[in-house]
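Structure file target_35.tsv (TSV, C-alpha atoms (C1' of nucleotides)) is printed below.
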chain	number	residue	atom	x	y	z
A	318	MET	CA	93.70	-33.85	5.25
A	319	ALA	CA	90.29	-32.71	6.40
A	320	LEU	CA	86.84	-33.81	5.30
A	321	GLY	CA	85.38	-30.34	5.76
A	322	ASP	CA	81.62	-30.20	6.26
A	323	LEU	CA	81.43	-33.94	5.77
A	324	SER	CA	83.12	-34.54	9.09
A	325	GLN	CA	79.98	-33.29	10.86
A	326	SER	CA	77.58	-35.26	8.69
A	327	LEU	CA	76.03	-38.43	10.03
A	328	GLY	CA	74.66	-39.10	6.57
A	329	TYR	CA	78.20	-39.29	5.25
A	330	ARG	CA	79.29	-41.58	8.09
A	331	ILE	CA	76.40	-43.89	7.32
A	332	ARG	CA	77.58	-43.90	3.70
A	333	ARG	CA	81.09	-44.88	4.80
A	334	ALA	CA	79.78	-47.58	7.13
A	335	GLN	CA	77.67	-48.95	4.28
A	336	LEU	CA	80.70	-49.02	1.99
A	337	TRP	CA	82.64	-50.93	4.63
A	338	VAL	CA	79.85	-53.48	5.03
A	339	PHE	CA	79.38	-53.81	1.28
A	340	ARG	CA	83.05	-54.51	0.70
A	341	ASP	CA	83.18	-57.00	3.54
A	342	VAL	CA	80.09	-58.87	2.34
A	343	SER	CA	81.22	-58.76	-1.30
A	344	GLN	CA	84.53	-60.38	-0.42
A	345	ARG	CA	82.89	-63.14	1.59
A	346	LEU	CA	80.36	-63.90	-1.16
A	347	ALA	CA	82.84	-63.59	-4.04
A	348	PRO	CA	83.89	-67.29	-3.97
A	349	PHE	CA	80.25	-68.13	-4.73
A	350	ASP	CA	79.99	-65.49	-7.46
A	351	ILE	CA	77.09	-63.83	-5.65
A	352	SER	CA	76.64	-60.09	-5.06
A	353	PRO	CA	75.05	-58.57	-1.96
A	354	ALA	CA	72.00	-57.64	-4.06
A	355	GLN	CA	71.65	-61.20	-5.36
A	356	PHE	CA	71.88	-62.55	-1.82
A	357	SER	CA	69.09	-60.22	-0.75
A	358	VAL	CA	66.79	-61.49	-3.51
A	359	LEU	CA	67.55	-65.14	-2.74
A	360	SER	CA	66.75	-64.46	0.93
A	361	VAL	CA	63.40	-62.88	0.19
A	362	ILE	CA	62.33	-65.66	-2.19
A	363	ASP	CA	63.43	-68.24	0.37
A	364	ALA	CA	61.37	-66.56	3.09
A	365	ASN	CA	58.33	-66.15	0.81
A	366	PRO	CA	58.02	-69.08	-1.60
A	367	GLY	CA	55.70	-68.24	-4.48
A	368	VAL	CA	56.08	-64.50	-4.05
A	369	ASN	CA	55.69	-62.34	-7.17
A	370	GLN	CA	58.32	-59.97	-8.55
A	371	LEU	CA	56.65	-56.72	-7.62
A	372	ALA	CA	56.32	-57.77	-3.99
A	373	VAL	CA	60.02	-58.64	-3.86
A	374	ALA	CA	60.96	-55.30	-5.38
A	375	GLN	CA	58.78	-53.46	-2.88
A	376	VAL	CA	60.07	-55.19	0.23
A	377	LEU	CA	63.65	-54.54	-0.90
A	378	SER	CA	62.79	-50.99	-1.98
A	379	ILE	CA	64.24	-51.45	-5.47
A	380	GLU	CA	62.81	-50.99	-8.99
A	381	ARG	CA	60.77	-53.82	-10.53
A	382	ALA	CA	62.63	-53.42	-13.85
A	383	GLY	CA	65.97	-54.04	-12.18
A	384	LEU	CA	64.56	-56.92	-10.21
A	385	GLY	CA	63.31	-58.55	-13.41
A	386	ARG	CA	66.82	-58.60	-14.80
A	387	MET	CA	68.14	-59.97	-11.52
A	388	VAL	CA	65.60	-62.82	-11.64
A	389	ASP	CA	66.61	-63.50	-15.28
A	390	HIS	CA	70.13	-63.93	-14.03
A	391	LEU	CA	69.21	-66.17	-11.10
A	392	GLU	CA	67.04	-68.25	-13.42
A	393	ARG	CA	69.85	-68.66	-15.96
A	394	ARG	CA	72.12	-69.88	-13.17
A	395	GLY	CA	69.47	-72.37	-12.08
A	396	LEU	CA	69.06	-70.82	-8.62
A	397	ALA	CA	65.45	-69.65	-8.95
A	398	THR	CA	62.42	-70.43	-11.10
A	399	ARG	CA	59.38	-68.55	-12.35
A	400	ALA	CA	56.13	-70.51	-12.21
A	401	GLU	CA	52.83	-69.33	-13.68
A	402	SER	CA	50.02	-68.47	-11.33
A	403	SER	CA	46.69	-70.14	-12.05
A	404	ILE	CA	44.89	-67.52	-9.97
A	405	ASN	CA	46.33	-64.36	-11.49
A	406	ARG	CA	48.05	-64.83	-14.80
A	407	ARG	CA	49.96	-61.57	-14.52
A	408	TYR	CA	51.99	-63.04	-11.69
A	409	TYR	CA	55.13	-65.05	-11.80
A	410	LEU	CA	55.49	-67.17	-8.70
A	411	LEU	CA	59.11	-67.20	-7.63
A	412	TYR	CA	60.76	-70.17	-5.98
A	413	LEU	CA	64.29	-71.21	-5.18
A	414	THR	CA	65.43	-74.34	-6.96
A	415	ARG	CA	67.04	-77.06	-4.90
A	416	LYS	CA	70.37	-75.76	-6.13
A	417	GLY	CA	69.42	-72.22	-5.08
A	418	ALA	CA	68.33	-73.35	-1.62
A	419	GLU	CA	71.56	-75.31	-1.18
A	420	LEU	CA	73.64	-72.33	-2.24
A	421	LEU	CA	71.75	-70.02	0.11
A	422	GLY	CA	72.44	-72.47	2.92
A	423	ARG	CA	76.15	-72.09	2.23
A	424	LEU	CA	75.92	-68.30	1.96
A	425	LYS	CA	74.22	-67.82	5.32
A	426	PRO	CA	77.33	-68.61	7.41
A	427	MET	CA	79.30	-66.10	5.31
A	428	ILE	CA	76.76	-63.38	6.12
A	429	ALA	CA	76.81	-64.40	9.77
A	430	GLU	CA	80.59	-64.00	9.79
A	431	SER	CA	80.23	-60.56	8.28
A	432	GLU	CA	77.74	-59.59	10.99
A	433	THR	CA	80.16	-60.83	13.63
A	434	SER	CA	83.00	-58.78	12.21
A	435	LEU	CA	80.73	-55.73	12.11
A	436	ALA	CA	79.67	-56.25	15.74
A	437	LYS	CA	83.33	-56.59	16.68
A	438	LYS	CA	84.28	-53.40	14.87
A	439	MET	CA	81.43	-51.39	16.40
A	440	GLY	CA	81.22	-53.02	19.80
A	441	SER	CA	78.36	-55.36	20.66
A	442	ARG	CA	76.51	-52.76	22.69
A	443	ALA	CA	76.38	-50.30	19.80
A	444	TYR	CA	75.57	-53.18	17.44
A	445	LYS	CA	72.44	-53.96	19.42
A	446	GLN	CA	71.35	-50.36	19.70
A	447	PHE	CA	71.87	-49.86	15.98
A	448	GLN	CA	69.71	-52.89	15.23
A	449	ARG	CA	66.89	-51.31	17.21
A	450	THR	CA	67.27	-47.78	15.88
A	451	LEU	CA	67.78	-48.67	12.23
A	452	SER	CA	64.69	-50.86	12.03
A	453	ILE	CA	62.79	-47.67	11.16
A	454	PHE	CA	64.44	-47.71	7.73
A	455	LEU	CA	63.02	-51.12	6.79
A	456	GLU	CA	59.62	-49.69	5.87
A	457	GLY	CA	59.38	-47.34	2.94
B	782	MET	CA	56.08	-60.22	3.28
B	783	ALA	CA	59.22	-61.22	5.13
B	784	LEU	CA	62.82	-60.19	4.55
B	785	GLY	CA	64.15	-63.56	5.66
B	786	ASP	CA	67.75	-63.59	6.83
B	787	LEU	CA	68.05	-59.92	5.99
B	788	SER	CA	65.78	-58.96	8.85
B	789	GLN	CA	68.53	-59.97	11.29
B	790	SER	CA	71.30	-58.22	9.39
B	791	LEU	CA	72.59	-54.91	10.63
B	792	GLY	CA	74.59	-54.61	7.42
B	793	TYR	CA	71.34	-54.62	5.46
B	794	ARG	CA	69.77	-52.04	7.79
B	795	ILE	CA	72.76	-49.79	7.30
B	796	ARG	CA	72.26	-50.20	3.56
B	797	ARG	CA	68.62	-49.14	3.87
B	798	ALA	CA	69.51	-46.19	6.09
B	799	GLN	CA	72.11	-45.11	3.55
B	800	LEU	CA	69.56	-45.32	0.74
B	801	TRP	CA	67.18	-43.14	2.75
B	802	VAL	CA	69.89	-40.54	3.39
B	803	PHE	CA	71.04	-40.62	-0.22
B	804	ARG	CA	67.53	-40.03	-1.55
B	805	ASP	CA	66.93	-37.24	0.93
B	806	VAL	CA	70.21	-35.49	0.12
B	807	SER	CA	69.77	-36.00	-3.63
B	808	GLN	CA	66.37	-34.32	-3.55
B	809	ARG	CA	67.65	-31.35	-1.60
B	810	LEU	CA	70.67	-30.87	-3.91
B	811	ALA	CA	68.73	-31.53	-7.13
B	812	PRO	CA	67.74	-27.87	-7.66
B	813	PHE	CA	71.47	-27.09	-7.83
B	814	ASP	CA	72.20	-30.03	-10.15
B	815	ILE	CA	74.69	-31.43	-7.67
B	816	SER	CA	74.97	-35.08	-6.60
B	817	PRO	CA	75.95	-36.22	-3.11
B	818	ALA	CA	79.32	-37.36	-4.50
B	819	GLN	CA	79.95	-33.96	-6.10
B	820	PHE	CA	79.10	-32.23	-2.84
B	821	SER	CA	81.63	-34.41	-1.03
B	822	VAL	CA	84.40	-33.44	-3.45
B	823	LEU	CA	83.57	-29.73	-3.24
B	824	SER	CA	83.68	-29.98	0.57
B	825	VAL	CA	87.08	-31.62	0.63
B	826	ILE	CA	88.61	-29.12	-1.81
B	827	ASP	CA	87.09	-26.28	0.21
B	828	ALA	CA	88.60	-27.62	3.41
B	829	ASN	CA	92.00	-28.27	1.79
B	830	PRO	CA	92.80	-25.61	-0.82
B	831	GLY	CA	95.59	-26.77	-3.13
B	832	VAL	CA	95.07	-30.44	-2.35
B	833	ASN	CA	96.00	-32.92	-5.09
B	834	GLN	CA	93.61	-35.42	-6.67
B	835	LEU	CA	95.04	-38.55	-5.11
B	836	ALA	CA	94.72	-37.11	-1.62
B	837	VAL	CA	91.08	-36.26	-2.24
B	838	ALA	CA	90.39	-39.76	-3.53
B	839	GLN	CA	92.07	-41.29	-0.51
B	840	VAL	CA	90.26	-39.24	2.12
B	841	LEU	CA	86.94	-40.04	0.44
B	842	SER	CA	87.92	-43.69	-0.06
B	843	ILE	CA	87.13	-43.63	-3.78
B	844	GLU	CA	89.16	-44.45	-6.90
B	845	ARG	CA	91.48	-41.80	-8.37
B	846	ALA	CA	90.23	-42.57	-11.90
B	847	GLY	CA	86.66	-41.80	-10.95
B	848	LEU	CA	87.73	-38.70	-9.08
B	849	GLY	CA	89.57	-37.41	-12.14
B	850	ARG	CA	86.38	-37.54	-14.16
B	851	MET	CA	84.50	-35.85	-11.35
B	852	VAL	CA	87.04	-33.00	-11.32
B	853	ASP	CA	86.72	-32.75	-15.13
B	854	HIS	CA	83.04	-32.20	-14.61
B	855	LEU	CA	83.44	-29.64	-11.81
B	856	GLU	CA	86.03	-27.79	-13.93
B	857	ARG	CA	83.72	-27.70	-16.97
B	858	ARG	CA	81.02	-26.21	-14.78
B	859	GLY	CA	83.44	-23.59	-13.50
B	860	LEU	CA	83.21	-24.75	-9.89
B	861	ALA	CA	86.81	-25.92	-9.41
B	862	THR	CA	90.19	-25.38	-11.06
B	863	ARG	CA	93.36	-27.35	-11.53
B	864	ALA	CA	96.58	-25.38	-11.03
B	865	GLU	CA	100.07	-26.70	-11.75
B	866	SER	CA	102.42	-27.30	-8.87
B	867	SER	CA	105.84	-25.70	-9.18
B	868	ILE	CA	107.23	-28.08	-6.57
B	869	ASN	CA	106.05	-31.38	-7.99
B	870	ARG	CA	104.90	-31.28	-11.57
B	871	ARG	CA	102.94	-34.51	-11.23
B	872	TYR	CA	100.46	-32.72	-8.98
B	873	TYR	CA	97.41	-30.76	-9.85
B	874	LEU	CA	96.54	-28.32	-7.10
B	875	LEU	CA	92.78	-28.17	-6.71
B	876	TYR	CA	90.90	-25.04	-5.72
B	877	LEU	CA	87.29	-23.95	-5.70
B	878	THR	CA	86.54	-21.03	-7.98
B	879	ARG	CA	84.61	-18.12	-6.54
B	880	LYS	CA	81.54	-19.58	-8.22
B	881	GLY	CA	82.26	-22.96	-6.65
B	882	ALA	CA	82.70	-21.45	-3.19
B	883	GLU	CA	79.48	-19.50	-3.56
B	884	LEU	CA	77.58	-22.58	-4.66
B	885	LEU	CA	78.98	-24.60	-1.76
B	886	GLY	CA	77.81	-21.85	0.58
B	887	ARG	CA	74.30	-22.33	-0.72
B	888	LEU	CA	74.51	-26.13	-0.52
B	889	LYS	CA	75.55	-26.23	3.13
B	890	PRO	CA	72.14	-25.22	4.51
B	891	MET	CA	70.55	-27.96	2.38
B	892	ILE	CA	72.85	-30.56	3.93
B	893	ALA	CA	72.16	-29.14	7.36
B	894	GLU	CA	68.43	-29.57	6.74
B	895	SER	CA	69.02	-33.16	5.71
B	896	GLU	CA	70.95	-33.79	8.92
B	897	THR	CA	68.11	-32.29	10.93
B	898	SER	CA	65.56	-34.52	9.23
B	899	LEU	CA	67.76	-37.53	9.90
B	900	ALA	CA	68.14	-36.59	13.58
B	901	LYS	CA	64.38	-36.19	13.80
B	902	LYS	CA	63.75	-39.58	12.21
B	903	MET	CA	66.26	-41.38	14.45
B	904	GLY	CA	65.86	-39.38	17.63
B	905	SER	CA	68.53	-36.94	18.72
B	906	ARG	CA	69.95	-39.27	21.34
B	907	ALA	CA	70.58	-42.03	18.79
B	908	TYR	CA	71.85	-39.43	16.32
B	909	LYS	CA	74.57	-38.39	18.74
B	910	GLN	CA	75.57	-41.91	19.62
B	911	PHE	CA	75.71	-42.84	15.94
B	912	GLN	CA	78.00	-39.90	15.25
B	913	ARG	CA	80.41	-41.21	17.88
B	914	THR	CA	80.25	-44.87	16.92
B	915	LEU	CA	80.43	-44.41	13.16
B	916	SER	CA	83.52	-42.23	13.29
B	917	ILE	CA	85.49	-45.48	13.12
B	918	PHE	CA	84.51	-45.84	9.47
B	919	LEU	CA	86.09	-42.54	8.44
B	920	GLU	CA	89.59	-44.04	8.32
B	921	GLY	CA	90.31	-46.72	5.75
C	114	DT	C1'	41.49	-48.15	-15.79
C	115	DA	C1'	44.97	-50.16	-12.88
C	116	DT	C1'	48.44	-53.72	-12.19
C	117	DT	C1'	52.43	-57.05	-13.30
C	118	DG	C1'	56.08	-57.73	-15.88
C	119	DT	C1'	59.21	-56.79	-19.92
C	120	DT	C1'	62.03	-54.05	-22.86
C	121	DA	C1'	64.88	-50.22	-24.00
C	122	DT	C1'	67.56	-46.47	-22.83
C	123	DA	C1'	70.65	-43.74	-20.32
C	124	DC	C1'	73.28	-42.33	-16.61
C	125	DT	C1'	76.04	-43.08	-12.66
C	126	DC	C1'	79.35	-45.86	-9.96
C	127	DT	C1'	82.79	-49.00	-9.53
C	128	DA	C1'	86.91	-51.63	-10.76
C	129	DT	C1'	90.68	-52.60	-13.59
C	130	DA	C1'	94.48	-52.14	-16.45
C	131	DA	C1'	97.47	-49.74	-19.46
C	132	DC	C1'	99.54	-45.60	-20.38
C	133	DT	C1'	102.22	-40.75	-19.68
C	134	DA	C1'	105.01	-37.83	-17.17
C	135	DT	C1'	107.35	-37.06	-13.45
C	136	DA	C1'	110.02	-38.16	-9.25
D	1248	DT	C1'	111.23	-48.02	-9.45
D	1249	DA	C1'	107.41	-45.62	-7.56
D	1250	DT	C1'	103.93	-41.97	-7.85
D	1251	DA	C1'	100.08	-38.75	-9.87
D	1252	DG	C1'	97.11	-38.50	-13.21
D	1253	DT	C1'	94.65	-39.92	-17.57
D	1254	DT	C1'	92.31	-42.95	-20.64
D	1255	DA	C1'	89.64	-46.91	-21.90
D	1256	DT	C1'	86.78	-50.50	-20.80
D	1257	DA	C1'	83.42	-53.36	-18.65
D	1258	DG	C1'	80.12	-54.44	-15.18
D	1259	DA	C1'	76.67	-53.28	-11.86
D	1260	DG	C1'	73.03	-50.33	-10.13
D	1261	DT	C1'	69.53	-46.90	-10.81
D	1262	DA	C1'	65.73	-44.37	-13.09
D	1263	DT	C1'	62.55	-43.69	-16.67
D	1264	DA	C1'	59.24	-44.48	-20.01
D	1265	DA	C1'	56.77	-47.23	-23.21
D	1266	DC	C1'	54.64	-51.44	-24.03
D	1267	DA	C1'	51.90	-56.12	-23.63
D	1268	DA	C1'	49.06	-58.94	-21.06
D	1269	DT	C1'	45.87	-59.34	-17.61
D	1270	DA	C1'	42.72	-57.85	-14.02
Output the file's structure as structure tokens, nothing else.
Amino acid sequence: MALGDLSQSLGYRIRRAQLWVFRDVSQRLAPFDISPAQFSVLSVIDANPGVNQLAVAQVLSIERAGLGRMVDHLERRGLATRAESSINRRYYLLYLTRKGAELLGRLKPMIAESETSLAKKMGSRAYKQFQRTLSIFLEG
Amino acid sequence: MALGDLSQSLGYRIRRAQLWVFRDVSQRLAPFDISPAQFSVLSVIDANPGVNQLAVAQVLSIERAGLGRMVDHLERRGLATRAESSINRRYYLLYLTRKGAELLGRLKPMIAESETSLAKKMGSRAYKQFQRTLSIFLEG
DNA sequence: TATTGTTATACTCTATAACTATA
DNA sequence: TATAGTTATAGAGTATAACAATA
């Protein structure tokens, strides 16, 4: 069985690598009922307490409408809160609750394990070079 | 604005790289009303005339149910056909129609352009090393 | 006028299970 | 019993536009 043109496509290989990572991360986070996307939002709020929704959507390069629903979900689970801004009343200031911060603390080792398994699969030398090269995709 | 834990995650960078590639490919294929996933199926059928659906799903690492619907769609558009197997009547033998083969011929240069833009963004040296390293994700 | 967030809609993907027909 | 394919369903992700409130 041949992949045809796909076998020469780096874009397709990146897609397959991403699927591998996504499945690995999903399995490790499943016991906590957290998706990779939810982890990413918790991480950004944790790193930027009081951030507003649009800024989170922009740094993650996702749509604000989808992020709003994600925050609804995190709020319903008691992991994050929306506070009103006294400076700009269009903003919601996002914070992790204590419960959210505690959960994130337990998720971090799972993500670290996933990174380790990825480094093992790729080889640590390639892992480091990839880190450098792929940083260009974090903007835009 | 900080990404928090994500900034140290290669898995997340791979995700962002994949999003970049996906958007680039989608834009280039949009004039033909073809998605990246549809292109991948056309490529595999082209490279393996008479292949059955399960084999296509397996080589692309996707679900057979989803692939069935994709083939429905390609068949309705006159790009692929299902033929009955005289050897094993559970099989559908998949082929590109002439129209499908002609379309694929016009899509290939678009994908090649996307690969070029990716190589330019990453640097050709990294592009080549990535090709080698990421081949491990093509199985399983 | 432009920005932040919400709502609604629709489409795609993904995952699962149950079903058929064939082997 | 196992395999190839279909059908149905539900959930998640994505994209869009229209809208309200605020700047």
Lay chain B over chain A using all C-alpha atoms, matched one to one in order, with a least-squares fit; then write it out as a CSV table (one decimal) with C-alpha atoms, in the coordinates of the input.
chain,number,residue,atom,x,y,z
B,782,MET,CA,93.6,-33.8,5.2
B,783,ALA,CA,90.2,-32.6,6.4
B,784,LEU,CA,86.8,-33.8,5.3
B,785,GLY,CA,85.3,-30.3,5.7
B,786,ASP,CA,81.5,-30.2,6.2
B,787,LEU,CA,81.4,-33.9,5.7
B,788,SER,CA,83.1,-34.5,9.1
B,789,GLN,CA,79.9,-33.3,10.8
B,790,SER,CA,77.5,-35.3,8.7
B,791,LEU,CA,76.0,-38.4,10.0
B,792,GLY,CA,74.6,-39.1,6.6
B,793,TYR,CA,78.2,-39.3,5.2
B,794,ARG,CA,79.3,-41.6,8.1
B,795,ILE,CA,76.4,-43.9,7.3
B,796,ARG,CA,77.6,-43.9,3.7
B,797,ARG,CA,81.1,-44.9,4.8
B,798,ALA,CA,79.8,-47.6,7.1
B,799,GLN,CA,77.7,-49.0,4.3
B,800,LEU,CA,80.7,-49.0,2.0
B,801,TRP,CA,82.7,-50.9,4.6
B,802,VAL,CA,79.9,-53.5,5.0
B,803,PHE,CA,79.4,-53.8,1.3
B,804,ARG,CA,83.1,-54.5,0.7
B,805,ASP,CA,83.2,-57.0,3.5
B,806,VAL,CA,80.1,-58.9,2.3
B,807,SER,CA,81.2,-58.8,-1.3
B,808,GLN,CA,84.5,-60.4,-0.4
B,809,ARG,CA,82.9,-63.2,1.6
B,810,LEU,CA,80.4,-63.9,-1.2
B,811,ALA,CA,82.9,-63.6,-4.0
B,812,PRO,CA,83.9,-67.3,-4.0
B,813,PHE,CA,80.2,-68.1,-4.7
B,814,ASP,CA,80.0,-65.5,-7.5
B,815,ILE,CA,77.1,-63.8,-5.6
B,816,SER,CA,76.6,-60.1,-5.0
B,817,PRO,CA,75.1,-58.6,-1.9
B,818,ALA,CA,72.0,-57.6,-4.0
B,819,GLN,CA,71.6,-61.2,-5.3
B,820,PHE,CA,71.9,-62.6,-1.8
B,821,SER,CA,69.1,-60.2,-0.7
B,822,VAL,CA,66.8,-61.5,-3.5
B,823,LEU,CA,67.5,-65.1,-2.7
B,824,SER,CA,66.7,-64.5,0.9
B,825,VAL,CA,63.4,-62.9,0.2
B,826,ILE,CA,62.3,-65.7,-2.2
B,827,ASP,CA,63.4,-68.2,0.4
B,828,ALA,CA,61.4,-66.6,3.1
B,829,ASN,CA,58.3,-66.1,0.8
B,830,PRO,CA,58.0,-69.1,-1.6
B,831,GLY,CA,55.7,-68.2,-4.5
B,832,VAL,CA,56.1,-64.5,-4.0
B,833,ASN,CA,55.7,-62.3,-7.1
B,834,GLN,CA,58.3,-60.0,-8.5
B,835,LEU,CA,56.7,-56.7,-7.6
B,836,ALA,CA,56.3,-57.8,-4.0
B,837,VAL,CA,60.0,-58.6,-3.8
B,838,ALA,CA,61.0,-55.3,-5.4
B,839,GLN,CA,58.8,-53.5,-2.9
B,840,VAL,CA,60.1,-55.2,0.2
B,841,LEU,CA,63.6,-54.5,-0.9
B,842,SER,CA,62.8,-51.0,-2.0
B,843,ILE,CA,64.2,-51.4,-5.4
B,844,GLU,CA,62.8,-51.0,-9.0
B,845,ARG,CA,60.8,-53.8,-10.5
B,846,ALA,CA,62.7,-53.4,-13.8
B,847,GLY,CA,66.0,-54.0,-12.2
B,848,LEU,CA,64.6,-56.9,-10.2
B,849,GLY,CA,63.3,-58.6,-13.4
B,850,ARG,CA,66.8,-58.6,-14.8
B,851,MET,CA,68.1,-60.0,-11.5
B,852,VAL,CA,65.6,-62.8,-11.6
B,853,ASP,CA,66.6,-63.5,-15.3
B,854,HIS,CA,70.1,-63.9,-14.0
B,855,LEU,CA,69.2,-66.2,-11.1
B,856,GLU,CA,67.0,-68.3,-13.4
B,857,ARG,CA,69.9,-68.7,-15.9
B,858,ARG,CA,72.1,-69.9,-13.2
B,859,GLY,CA,69.5,-72.4,-12.0
B,860,LEU,CA,69.1,-70.8,-8.6
B,861,ALA,CA,65.4,-69.7,-8.9
B,862,THR,CA,62.4,-70.4,-11.1
B,863,ARG,CA,59.4,-68.5,-12.3
B,864,ALA,CA,56.1,-70.5,-12.2
B,865,GLU,CA,52.8,-69.3,-13.7
B,866,SER,CA,50.0,-68.4,-11.4
B,867,SER,CA,46.7,-70.1,-12.1
B,868,ILE,CA,44.9,-67.4,-10.1
B,869,ASN,CA,46.3,-64.3,-11.6
B,870,ARG,CA,48.1,-64.8,-14.9
B,871,ARG,CA,50.0,-61.5,-14.6
B,872,TYR,CA,52.0,-63.0,-11.7
B,873,TYR,CA,55.1,-65.0,-11.8
B,874,LEU,CA,55.5,-67.1,-8.7
B,875,LEU,CA,59.1,-67.2,-7.6
B,876,TYR,CA,60.7,-70.2,-6.0
B,877,LEU,CA,64.3,-71.2,-5.2
B,878,THR,CA,65.4,-74.3,-6.9
B,879,ARG,CA,67.0,-77.1,-4.9
B,880,LYS,CA,70.4,-75.8,-6.1
B,881,GLY,CA,69.4,-72.2,-5.1
B,882,ALA,CA,68.3,-73.4,-1.6
B,883,GLU,CA,71.5,-75.3,-1.2
B,884,LEU,CA,73.6,-72.3,-2.2
B,885,LEU,CA,71.7,-70.0,0.1
B,886,GLY,CA,72.4,-72.5,2.9
B,887,ARG,CA,76.1,-72.1,2.2
B,888,LEU,CA,75.9,-68.3,2.0
B,889,LYS,CA,74.2,-67.8,5.3
B,890,PRO,CA,77.3,-68.6,7.4
B,891,MET,CA,79.3,-66.1,5.3
B,892,ILE,CA,76.8,-63.4,6.1
B,893,ALA,CA,76.8,-64.4,9.8
B,894,GLU,CA,80.6,-64.0,9.8
B,895,SER,CA,80.2,-60.6,8.3
B,896,GLU,CA,77.8,-59.6,11.0
B,897,THR,CA,80.2,-60.8,13.6
B,898,SER,CA,83.0,-58.8,12.2
B,899,LEU,CA,80.8,-55.7,12.1
B,900,ALA,CA,79.7,-56.3,15.7
B,901,LYS,CA,83.4,-56.6,16.7
B,902,LYS,CA,84.3,-53.4,14.9
B,903,MET,CA,81.4,-51.4,16.4
B,904,GLY,CA,81.2,-53.0,19.8
B,905,SER,CA,78.4,-55.4,20.7
B,906,ARG,CA,76.5,-52.8,22.7
B,907,ALA,CA,76.4,-50.3,19.8
B,908,TYR,CA,75.6,-53.2,17.4
B,909,LYS,CA,72.5,-54.0,19.4
B,910,GLN,CA,71.3,-50.4,19.7
B,911,PHE,CA,71.9,-49.9,16.0
B,912,GLN,CA,69.7,-52.9,15.2
B,913,ARG,CA,66.9,-51.4,17.2
B,914,THR,CA,67.3,-47.8,15.9
B,915,LEU,CA,67.8,-48.7,12.2
B,916,SER,CA,64.7,-50.9,12.0
B,917,ILE,CA,62.8,-47.7,11.2
B,918,PHE,CA,64.4,-47.7,7.7
B,919,LEU,CA,63.0,-51.1,6.8
B,920,GLU,CA,59.6,-49.7,5.9
B,921,GLY,CA,59.4,-47.3,2.9
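Shell of B:Pro830 at 10 Å, with all atoms listed in the file counted and residues fewer than 4 places along the chain excluded, is Val825, Ile826, Leu874, Leu875, Tyr876 and Leu877 of chain B.
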*Could you please tell me, as a PyMOL selection string, which residues of chain C have an atom within 10 Å of chain A when using only C-alpha atoms (C1' of nucleotides)?*
chain C and resi 116-120
*Return the single residue from A:Pro353, A:Gly422, A:Gly417, A:Gly328 that is closest to B:Phe911, with distances computed using all atoms listed in the file.*
A:Gly328
*asked:* What's around stretch 121-131 of chain C at 8 Å? Count all atoms listed in the file, leave out sequence neighbours fewer than 5 positions away in its own chain, and write the answer as a list in words.
replied: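 That gives DA1259, DG1260 and DT1261 of chain D.
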_Could you work out which residues of chain B fall inside 7 Å of chain A? Count only C-alpha atoms, and format the result as number ranges by chain._
B: 782-787, 790-792, 794-799, 802, 821, 824-825, 828-829, 896, 903, 912, 914-916, 918-919
*What lies within 9 Å of B:Met851 using all atoms listed in the file, ignoring chain neighbours under 3 positions off, as a ChimeraX atom specification?*
/B:818-819,822,846-848,854-856
Which residues of chain D come within 12 Å of chain A, and for each one, what is the closest pair of atoms and their distance in Å to one decimal, counting all atoms listed in the file, sorted by chain and residue number, as JSON lines?
{"residue": "D:DA1259", "atom": "C1'", "partner": "A:Ser352", "partner_atom": "CA", "distance": 9.6}
{"residue": "D:DG1260", "atom": "C1'", "partner": "A:Gly383", "partner_atom": "CA", "distance": 8.2}
{"residue": "D:DT1261", "atom": "C1'", "partner": "A:Glu380", "partner_atom": "CA", "distance": 8.1}
{"residue": "D:DA1262", "atom": "C1'", "partner": "A:Glu380", "partner_atom": "CA", "distance": 8.3}
{"residue": "D:DT1263", "atom": "C1'", "partner": "A:Ala382", "partner_atom": "CA", "distance": 10.1}
{"residue": "D:DA1264", "atom": "C1'", "partner": "A:Ala382", "partner_atom": "CA", "distance": 11.4}
{"residue": "D:DA1267", "atom": "C1'", "partner": "A:Arg407", "partner_atom": "CA", "distance": 10.8}
{"residue": "D:DA1268", "atom": "C1'", "partner": "A:Arg407", "partner_atom": "CA", "distance": 7.1}
{"residue": "D:DT1269", "atom": "C1'", "partner": "A:Arg407", "partner_atom": "CA", "distance": 5.6}
{"residue": "D:DA1270", "atom": "C1'", "partner": "A:Asn405", "partner_atom": "CA", "distance": 7.9}
*Could you check how far atom CA of B:Leu860 sits from atom CA of B:Glu883, in Å to one decimal?*
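That distance, rounded to one decimal, is 9.0 Å.
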_Length of the atom CA of A:Asp389 to atom CA of A:Leu420 vector [Å]_ = 17.2 Å
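Reported to one decimal place, the separation of atom CA of A:Ala397 from atom C1' of D:DG1258 is 22.0 Å.
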